[in-house]
Amino acid sequence: MSGVRVRFAPSPTGYLHIGGARTAVYNYLYSKATGGTFVLRIEDTDQERSLREYEDKLLSDLEWLGITYDEGPSRPGEFGPYRQSERLEIYKEYAQKLVDENKAYYCFCTDEELEEKRNLAKEQKAAPVYDGTCRSLGKDEVAKKLAAKIPATIRFKAYEKDYTIHDTVRGEVTYPKGMVGDFVIMRSNGFPVFNYCCALDDILMKITNVIRGEDHLGNTLRQLMIYDAFNVKPPTFSHLSLLVGEDRQKLSKRHGSTSVANYRDDHYYAPALINYLILLGWSHPEEKDIFSLEEASRGFNINRFSKSPALFDFEKCKWMNGEYLKKLDVEKLVGMIDLTIPKDHLYHEQSMRWKQEVATLYVEKINKVDEILPYLDLLFSSNTEFDGPAKEVLAWETTPKIKKFLKGEIEALTIKGEKFVKAEEFEGWGNFIKKELGIKGKNLFMGMRVLLTGSVEGSELKSVIPLTPLEILYKRVYQE
RNA sequence: GCUCCCAUCGUCUAGCCCGGUCUAGGACAUCGCCUUUUCACGGCGGUAACAGGGGUUCGAAUCCCCUUGGGAGUACCA
């Protein structure tokens with residue numbers, strides 16, 4: 001095991017977003033590629049928005065995607081607990097340490113005062129940074145206020161110096177000094193604030209590489225200061241470009257399906273979704289498009305991230321899903337189809353062999369398993385409605401002759417108690433019509449097709465007809 | 001406002017770091033042809049991009065600067 005330790009640190013404030021899934025998979029891939037450790041940390045310090053229910057969903061979505069982790073809430077390692085709400089004492093302890101070392105201080109400013117200051121700064125077109133009012137409070141005064149239970153936050157004394165982030169995808173990003181004022185690290189309710197606990201946890205959990213969305217680039221400045229205060233060398237950062245919607249804005253709910261659950265419910269095949277996600281902002285060294293998680297980790301190079309934001313292309317994602325379906329074992333494919341077909345559908349009454357043949361036949365035409373339903377419905381629909389081109393075929397003088405013959409054959413088989421026409425028998429019909437009735441070419445094939453299926457188009461007749469229940473065929477040819 | 005980031009076909013991207021092999025490659029989408037007496041699959045081919053302007057250089061998609069356009073951040077959210 002190499003020394004590499006990465007983490008995915010979602011907040012359970014909603015369903016797992018595909019952007020989050022992308023971040024997660026890159027971390028996963030990097031840990032696999034380096035033989036490192038992948039840590040899952042739940043950042044639930046926002047009491048109001050964090051829900052345990054979301055955490056459960058998050059975990060199951062990750063599992064569905066096939067992203068596993070080495071340490072996390074349900075996989076305790078030596079750096080736990082992995083839920084921030086269970087680490088409150090730790091944050092408190094270290095915050096106090098910072099106060100003792102004069103690197104942080106108690107602040108008693110109220111929300112109203114703060115807002116006023118911000119507005120003032122805005123008016124003067126200055127950066128809205130905290131003015132440091134409570135910085136100079138005397139020790140006794142602080143003790144008195146604390147004893148009086150006046151709500152207090154703990155603010156970090158921002159360092160007055162330039163900071164340069166060494167980022168594997170951005171290069172060197174320098175933030176000039178004075179960008180941030182003294183920021184809150186502990187809320188008045190005793191909960192830590194993101195930038196502080198995130199950095200502290202990364203330190204405590206010995207994270208070596210932080211791979212996350214570009215929206216955190218700015219946060220890195222504050223986090224760097226925390227590393228500084230604790231005298232710890234910061235990890236290597238990789239800030240990924242964001243996923244955007246049609247309007248080129250950061251991908252959010254209003255862009256349609258953005259949660260992993262949406263895709264699961266929409267019958268996407270997880271390995272395909274993951275494959276597509278990996279390709280959004282990263283490219284395979286050999287320019288491969290289709291690869292498994294395992295293959296990706298083998299060729300995973302952290303230097304191959306794209307800097308510009310990527311637009312999620314539903315069309316291509318679906319295409320990729322189709323590619324995966326075509327490579328699937330029939331058994332697996334049938335298993336997936338089973339789940340998407342309505343319970344009362346005649347499909348479920350058919351034999352396994354029939355299901356497999358149907359699956360094999362139609363997988364070529366679909367990109368998602370649920371897209372097979374219309375084809376299935378076609379197979380079982382007894383009253384056919386003829387469209388324009390089909391009516392034309394019906395009007396041919398040869399068609400009634402074929403119909404008469406077909407009626408006889410189908411009736412005979414029905415009397416015999418058959419459920420389906422065998423492929424050879426069906427071929428025999430064609431031959432008979434050709435030889436004995438003298439009908440051939442387009443007249444023959446189209447005539448049979450329209451009579452038997454009601455349409456001028458569809459899959460190969462000799463595959464479809466043997467899969468269509470005889471009684472359905474019967475109804476179709478006897479229909480006037 | 002301020003700070004930072006980004007900029008190759010409609011979309012995802014290769015190439016950029018280490019200028020010439022780039023008349024810019026691949027994939028999705030799209031169009032055409034072949035195949036299939038239908039549809040689809042498949043095969044073949046086409047349309048389609050270095051944001052603009054300046055430099056540097058014998059030579060720039062590649063290096064530098066500016067402009068424009070887009071994005072992100074600027075909380076007791078994460």
# chains A, B, ... in the order shown; residues from 1 in each chain; ligands from 1
call {"tool": "closest_atom_pairs", "arguments": {"of": "chain B", "to": "chain A", "cutoff": "8 Å", "atoms": "only C-alpha atoms (C1' of nucleotides)", "output": "CSV"}}
result
residue,atom,partner,partner_atom,distance
B:G1,C1',A:Lys125,CA,5.6
B:C2,C1',A:Ala127,CA,6.1
B:U3,C1',A:Met179,CA,7.2
B:C4,C1',A:Gly218,CA,7.2
B:C5,C1',A:Arg170,CA,7.9
B:C6,C1',A:Ser308,CA,5.3
B:A7,C1',A:Ser308,CA,7.6
B:U11,C1',A:Asp313,CA,6.5
B:C12,C1',A:Leu280,CA,6.4
B:U13,C1',A:Ser283,CA,7.2
B:A14,C1',A:Glu287,CA,7.3
B:G26,C1',A:Glu287,CA,7.3
B:A27,C1',A:Asp289,CA,7.1
B:C28,C1',A:Lys316,CA,4.9
B:A29,C1',A:Glu315,CA,7.7
B:U37,C1',A:Lys442,CA,5.3
B:U38,C1',A:Glu457,CA,4.6
B:C39,C1',A:Gly458,CA,4.9
B:A40,C1',A:Lys365,CA,5.6
B:C41,C1',A:Glu364,CA,5.9
B:G70,C1',A:Arg248,CA,7.8
B:G71,C1',A:Gln249,CA,7.3
B:A72,C1',A:Asp215,CA,5.7
B:G73,C1',A:Gly218,CA,5.5
B:U74,C1',A:Pro128,CA,7.5
B:C76,C1',A:Arg187,CA,4.7
B:C77,C1',A:Asp46,CA,7.1
B:A78,C1',A:Phe194,CA,6.3
call {"tool": "select_by_dssp", "arguments": {"residues": "stretch 119-176 of chain A", "states": "strand (DSSP E)", "output": "list in words"}}
result
Thr153, Ile154, Arg155, Phe156, Tyr163, Thr164, Ile165, His166, Asp167, Gly171, Glu172, Val173, Thr174 and Tyr175 of chain A
call {"tool": "select_by_dssp", "arguments": {"residues": "stretch 317-449 of chain A", "states": "alpha helix (DSSP H)", "output": "PyMOL selection string"}}
result
chain A and resi 317-327+330-340+352-362+373-380+388-395+399-415+423-435+441-449
call {"tool": "residues_around", "arguments": {"residues": "A:Arg87", "least_positions_apart": "2", "cutoff": "10 Å", "atoms": "only C-alpha atoms (C1' of nucleotides)", "output": "short mmCIF file (atom, residue, chain, number, x, y, z; two decimals) with all heavy atoms, in the first residue's frame"}}
result
data_model
loop_
_atom_site.label_atom_id
_atom_site.label_comp_id
_atom_site.auth_asym_id
_atom_site.auth_seq_id
_atom_site.Cartn_x
_atom_site.Cartn_y
_atom_site.Cartn_z
N THR A 45 -22.00 18.93 9.00
CA THR A 45 -21.94 19.95 10.05
C THR A 45 -23.01 21.03 9.89
O THR A 45 -23.17 21.87 10.74
CB THR A 45 -20.56 20.64 10.07
OG1 THR A 45 -20.30 21.15 8.77
CG2 THR A 45 -19.50 19.68 10.49
N GLY A 80 -11.00 7.33 12.32
CA GLY A 80 -12.38 7.67 12.53
C GLY A 80 -12.60 8.53 13.76
O GLY A 80 -11.63 8.81 14.47
N PRO A 81 -13.84 8.87 14.08
CA PRO A 81 -15.01 8.59 13.24
C PRO A 81 -15.00 9.36 11.93
O PRO A 81 -14.28 10.33 11.78
CB PRO A 81 -16.18 9.00 14.13
CG PRO A 81 -15.61 9.92 15.15
CD PRO A 81 -14.18 9.57 15.31
N TYR A 82 -15.82 8.90 10.98
CA TYR A 82 -15.80 9.48 9.64
C TYR A 82 -17.00 10.35 9.35
O TYR A 82 -17.25 10.73 8.22
CB TYR A 82 -15.65 8.37 8.60
CG TYR A 82 -14.32 7.68 8.72
CD1 TYR A 82 -14.15 6.57 9.53
CD2 TYR A 82 -13.20 8.19 8.05
CE1 TYR A 82 -12.91 5.96 9.68
CE2 TYR A 82 -11.95 7.59 8.19
CZ TYR A 82 -11.81 6.47 9.01
OH TYR A 82 -10.58 5.90 9.14
N ARG A 83 -17.77 10.57 10.43
CA ARG A 83 -18.91 11.47 10.28
C ARG A 83 -18.56 12.71 11.09
O ARG A 83 -18.28 12.61 12.28
CB ARG A 83 -20.16 10.78 10.84
CG ARG A 83 -21.38 11.11 10.03
CD ARG A 83 -22.62 10.30 10.37
NE ARG A 83 -22.39 9.12 11.14
CZ ARG A 83 -22.64 7.89 10.72
NH1 ARG A 83 -23.14 7.68 9.53
NH2 ARG A 83 -22.42 6.88 11.50
N GLN A 84 -18.57 13.87 10.45
CA GLN A 84 -18.12 15.06 11.17
C GLN A 84 -18.95 15.39 12.40
O GLN A 84 -18.42 15.90 13.37
CB GLN A 84 -18.06 16.25 10.21
CG GLN A 84 -16.93 16.10 9.20
CD GLN A 84 -16.71 17.33 8.36
OE1 GLN A 84 -17.65 18.02 8.00
NE2 GLN A 84 -15.46 17.61 8.03
N SER A 85 -20.23 15.04 12.35
CA SER A 85 -21.06 15.33 13.52
C SER A 85 -20.61 14.52 14.72
O SER A 85 -20.97 14.81 15.86
CB SER A 85 -22.53 15.04 13.20
OG SER A 85 -22.69 13.70 12.81
N GLU A 89 -16.00 17.07 19.35
CA GLU A 89 -15.02 17.29 20.42
C GLU A 89 -13.64 17.62 19.85
O GLU A 89 -12.90 18.43 20.38
CB GLU A 89 -14.94 16.06 21.33
CG GLU A 89 -16.16 15.91 22.24
CD GLU A 89 -16.46 17.20 23.01
OE1 GLU A 89 -15.53 17.79 23.59
OE2 GLU A 89 -17.63 17.61 23.00
N ILE A 90 -13.32 16.92 18.77
CA ILE A 90 -12.02 17.13 18.14
C ILE A 90 -11.90 18.57 17.63
O ILE A 90 -10.90 19.25 17.89
CB ILE A 90 -11.86 16.15 16.95
CG1 ILE A 90 -11.92 14.70 17.46
CG2 ILE A 90 -10.55 16.42 16.22
CD1 ILE A 90 -11.88 13.65 16.36
N TYR A 91 -12.96 19.03 16.94
CA TYR A 91 -12.91 20.39 16.39
C TYR A 91 -12.80 21.41 17.51
O TYR A 91 -12.10 22.41 17.41
CB TYR A 91 -14.15 20.67 15.54
CG TYR A 91 -14.37 19.63 14.46
CD1 TYR A 91 -15.60 19.00 14.29
CD2 TYR A 91 -13.33 19.30 13.60
CE1 TYR A 91 -15.79 18.05 13.31
CE2 TYR A 91 -13.51 18.33 12.61
CZ TYR A 91 -14.75 17.71 12.47
OH TYR A 91 -14.92 16.76 11.51
N LYS A 92 -13.52 21.14 18.59
CA LYS A 92 -13.52 22.04 19.73
C LYS A 92 -12.12 22.13 20.33
O LYS A 92 -11.59 23.20 20.58
CB LYS A 92 -14.52 21.51 20.78
CG LYS A 92 -15.31 22.59 21.46
CD LYS A 92 -16.45 22.00 22.30
CE LYS A 92 -17.72 21.80 21.48
NZ LYS A 92 -18.81 21.16 22.25
N PHE A 191 -20.84 24.03 16.43
CA PHE A 191 -20.47 23.26 15.25
C PHE A 191 -19.35 23.97 14.49
O PHE A 191 -19.31 25.19 14.46
CB PHE A 191 -21.68 23.06 14.34
CG PHE A 191 -22.51 21.86 14.71
CD1 PHE A 191 -23.18 21.82 15.93
CD2 PHE A 191 -22.61 20.77 13.85
CE1 PHE A 191 -23.94 20.71 16.28
CE2 PHE A 191 -23.37 19.66 14.20
CZ PHE A 191 -24.03 19.62 15.42
N PRO A 192 -18.48 23.21 13.90
CA PRO A 192 -17.38 23.81 13.14
C PRO A 192 -17.87 24.29 11.76
O PRO A 192 -18.92 23.85 11.31
CB PRO A 192 -16.40 22.66 12.98
CG PRO A 192 -17.29 21.46 12.90
CD PRO A 192 -18.43 21.74 13.85
N CYS A 197 -13.08 22.57 9.50
CA CYS A 197 -13.12 21.14 9.81
C CYS A 197 -12.66 20.29 8.62
O CYS A 197 -12.11 19.22 8.79
CB CYS A 197 -14.49 20.71 10.31
SG CYS A 197 -15.85 21.08 9.23
N ASP A 201 -9.70 17.87 9.26
CA ASP A 201 -9.89 16.44 9.02
C ASP A 201 -8.91 15.90 8.01
O ASP A 201 -8.39 14.79 8.14
CB ASP A 201 -11.32 16.17 8.55
CG ASP A 201 -12.30 16.15 9.72
OD1 ASP A 201 -11.83 16.08 10.87
OD2 ASP A 201 -13.52 16.22 9.48
#
call {"tool": "residues_around", "arguments": {"residues": "B:C9", "least_positions_apart": "3", "cutoff": "10 Å", "atoms": "only C-alpha atoms (C1' of nucleotides)", "output": "MDAnalysis selection string"}}
result
chainID B and resid 47:50
call {"tool": "write_last_selection", "arguments": {"atoms": "N, CA and C atoms (P, O5', C5', C4', C3', O3' and C1' of nucleotides)", "output": "PDB file, in the first residue's frame"}}
result
ATOM      1  P     U B  47     -15.633  17.085 -45.946  1.00  0.00           P
ATOM      2  O5'   U B  47     -16.907  17.771 -45.291  1.00  0.00           O
ATOM      3  C5'   U B  47     -17.831  18.519 -46.087  1.00  0.00           C
ATOM      4  C4'   U B  47     -18.897  19.095 -45.205  1.00  0.00           C
ATOM      5  C3'   U B  47     -18.371  19.887 -44.017  1.00  0.00           C
ATOM      6  O3'   U B  47     -18.032  21.209 -44.413  1.00  0.00           O
ATOM      7  C1'   U B  47     -20.107  18.456 -43.304  1.00  0.00           C
ATOM      8  P     A B  48     -16.639  21.798 -43.999  1.00  0.00           P
ATOM      9  O5'   A B  48     -16.829  21.980 -42.430  1.00  0.00           O
ATOM     10  C5'   A B  48     -17.874  22.795 -41.939  1.00  0.00           C
ATOM     11  C4'   A B  48     -18.042  22.507 -40.475  1.00  0.00           C
ATOM     12  C3'   A B  48     -16.740  22.566 -39.679  1.00  0.00           C
ATOM     13  O3'   A B  48     -16.403  23.903 -39.373  1.00  0.00           O
ATOM     14  C1'   A B  48     -18.004  20.664 -39.038  1.00  0.00           C
ATOM     15  P     A B  49     -14.939  24.386 -39.549  1.00  0.00           P
ATOM     16  O5'   A B  49     -14.456  24.499 -38.052  1.00  0.00           O
ATOM     17  C5'   A B  49     -15.110  25.383 -37.145  1.00  0.00           C
ATOM     18  C4'   A B  49     -14.423  25.288 -35.827  1.00  0.00           C
ATOM     19  C3'   A B  49     -12.955  25.719 -35.843  1.00  0.00           C
ATOM     20  O3'   A B  49     -12.852  27.116 -35.691  1.00  0.00           O
ATOM     21  C1'   A B  49     -13.194  23.661 -34.686  1.00  0.00           C
ATOM     22  P     C B  50     -11.692  27.884 -36.397  1.00  0.00           P
ATOM     23  O5'   C B  50     -10.414  27.374 -35.604  1.00  0.00           O
ATOM     24  C5'   C B  50      -9.783  28.236 -34.674  1.00  0.00           C
ATOM     25  C4'   C B  50      -9.560  27.442 -33.411  1.00  0.00           C
ATOM     26  C3'   C B  50      -8.725  28.171 -32.386  1.00  0.00           C
ATOM     27  O3'   C B  50      -9.391  28.043 -31.135  1.00  0.00           O
ATOM     28  C1'   C B  50      -7.676  26.121 -33.010  1.00  0.00           C
TER      29        C B  50
END
call {"tool": "residues_around", "arguments": {"residues": "A:Glu409", "least_positions_apart": "3", "cutoff": "12 Å", "atoms": "only C-alpha atoms (C1' of nucleotides)", "output": "list of chain:residue names"}}
result
A:Ile402, A:Lys403, A:Lys404, A:Phe405, A:Leu406, A:Ala412, A:Leu413, A:Thr414, A:Ile415, A:Lys416, A:Glu418, A:Val421, A:Glu425, A:Phe426, A:Gly428, A:Trp429, A:Gly430, A:Phe432, A:Ile433, A:Leu470, A:Leu473, A:Tyr474, A:Val477, A:Tyr478
call {"tool": "write_last_selection", "arguments": {"atoms": "N, CA and C atoms", "output": "tab-separated table (two decimals), in the first residue's frame"}}
result
chain	number	residue	atom	x	y	z
A	402	ILE	N	-52.10	-14.46	-50.15
A	402	ILE	CA	-51.19	-14.81	-49.05
A	402	ILE	C	-51.99	-14.93	-47.77
A	403	LYS	N	-52.92	-14.01	-47.59
A	403	LYS	CA	-53.71	-13.99	-46.38
A	403	LYS	C	-54.49	-15.30	-46.22
A	404	LYS	N	-55.06	-15.73	-47.30
A	404	LYS	CA	-55.86	-16.95	-47.25
A	404	LYS	C	-55.00	-18.13	-46.83
A	405	PHE	N	-53.82	-18.18	-47.42
A	405	PHE	CA	-52.91	-19.28	-47.09
A	405	PHE	C	-52.48	-19.23	-45.63
A	406	LEU	N	-52.09	-18.03	-45.21
A	406	LEU	CA	-51.65	-17.84	-43.83
A	406	LEU	C	-52.73	-18.24	-42.83
A	412	ALA	N	-54.42	-24.32	-38.60
A	412	ALA	CA	-54.01	-25.72	-38.45
A	412	ALA	C	-53.11	-25.89	-37.23
A	413	LEU	N	-52.15	-24.99	-37.10
A	413	LEU	CA	-51.22	-25.07	-35.97
A	413	LEU	C	-51.96	-24.86	-34.64
A	414	THR	N	-52.93	-23.96	-34.68
A	414	THR	CA	-53.69	-23.67	-33.48
A	414	THR	C	-54.47	-24.90	-33.02
A	415	ILE	N	-55.06	-25.57	-34.00
A	415	ILE	CA	-55.83	-26.78	-33.69
A	415	ILE	C	-54.90	-27.84	-33.09
A	416	LYS	N	-53.67	-27.87	-33.61
A	416	LYS	CA	-52.70	-28.84	-33.09
A	416	LYS	C	-52.27	-28.50	-31.67
A	418	GLU	N	-50.38	-25.80	-30.87
A	418	GLU	CA	-49.08	-25.11	-30.81
A	418	GLU	C	-49.23	-23.72	-30.23
A	421	VAL	N	-45.03	-20.54	-33.82
A	421	VAL	CA	-44.62	-21.10	-35.10
A	421	VAL	C	-43.12	-21.36	-34.99
A	425	GLU	N	-40.84	-23.86	-39.81
A	425	GLU	CA	-42.20	-23.85	-40.35
A	425	GLU	C	-42.47	-22.53	-41.06
A	426	PHE	N	-42.04	-21.48	-40.40
A	426	PHE	CA	-42.29	-20.17	-40.98
A	426	PHE	C	-41.59	-20.03	-42.32
A	428	GLY	N	-40.97	-22.42	-44.26
A	428	GLY	CA	-41.73	-23.26	-45.16
A	428	GLY	C	-42.89	-22.50	-45.80
A	429	TRP	N	-43.51	-21.64	-45.01
A	429	TRP	CA	-44.63	-20.84	-45.53
A	429	TRP	C	-44.16	-19.99	-46.70
A	430	GLY	N	-43.04	-19.35	-46.47
A	430	GLY	CA	-42.51	-18.48	-47.51
A	430	GLY	C	-42.25	-19.25	-48.79
A	432	PHE	N	-43.55	-22.01	-49.74
A	432	PHE	CA	-44.80	-22.48	-50.36
A	432	PHE	C	-45.43	-21.37	-51.20
A	433	ILE	N	-45.50	-20.21	-50.60
A	433	ILE	CA	-46.10	-19.08	-51.31
A	433	ILE	C	-45.35	-18.79	-52.59
A	470	LEU	N	-48.79	-17.56	-31.17
A	470	LEU	CA	-49.64	-17.98	-32.28
A	470	LEU	C	-51.03	-17.38	-32.21
A	473	LEU	N	-51.01	-14.05	-33.66
A	473	LEU	CA	-50.92	-14.15	-35.10
A	473	LEU	C	-52.31	-14.47	-35.68
A	474	TYR	N	-52.97	-15.37	-35.00
A	474	TYR	CA	-54.30	-15.81	-35.42
A	474	TYR	C	-55.25	-14.61	-35.50
A	477	VAL	N	-54.39	-12.23	-38.50
A	477	VAL	CA	-54.79	-12.58	-39.87
A	477	VAL	C	-56.30	-12.71	-40.03
A	478	TYR	N	-56.96	-12.97	-38.92
A	478	TYR	CA	-58.41	-13.10	-39.03
A	478	TYR	C	-59.13	-11.77	-38.86
call {"tool": "closest_residue", "arguments": {"among": "A:Gly454, A:Gly388, A:Pro235, A:Pro151", "to": "A:Thr168", "atoms": "only C-alpha atoms"}}
result
A:Pro235
call {"tool": "atom_distance", "arguments": {"atom1": "atom CA of A:Lys157", "atom2": "atom CA of A:Tyr130"}}
result
10.4 Å
call {"tool": "residues_around", "arguments": {"residues": "A:Leu376", "least_positions_apart": "2", "cutoff": "10 Å", "atoms": "only C-alpha atoms (C1' of nucleotides)", "output": "tab-separated table (two decimals) with C-alpha atoms, in the first residue's frame"}}
result
chain	number	residue	atom	x	y	z
A	341	ILE	CA	-41.51	-4.57	-17.66
A	345	HIS	CA	-47.33	-7.85	-18.93
A	346	LEU	CA	-47.59	-11.08	-20.93
A	347	TYR	CA	-43.81	-10.95	-21.21
A	358	VAL	CA	-36.27	-11.56	-27.52
A	359	ALA	CA	-33.53	-9.82	-25.60
A	362	TYR	CA	-33.95	-6.28	-29.64
A	371	GLU	CA	-36.79	0.93	-24.43
A	372	ILE	CA	-37.63	-2.67	-25.22
A	373	LEU	CA	-41.18	-2.26	-23.93
A	374	PRO	CA	-42.66	-0.80	-27.13
A	378	LEU	CA	-45.85	-4.82	-30.59
A	379	LEU	CA	-45.25	-8.54	-30.20
A	380	PHE	CA	-48.38	-8.92	-28.11
A	381	SER	CA	-50.74	-6.55	-29.82
A	468	THR	CA	-44.99	-13.85	-31.56
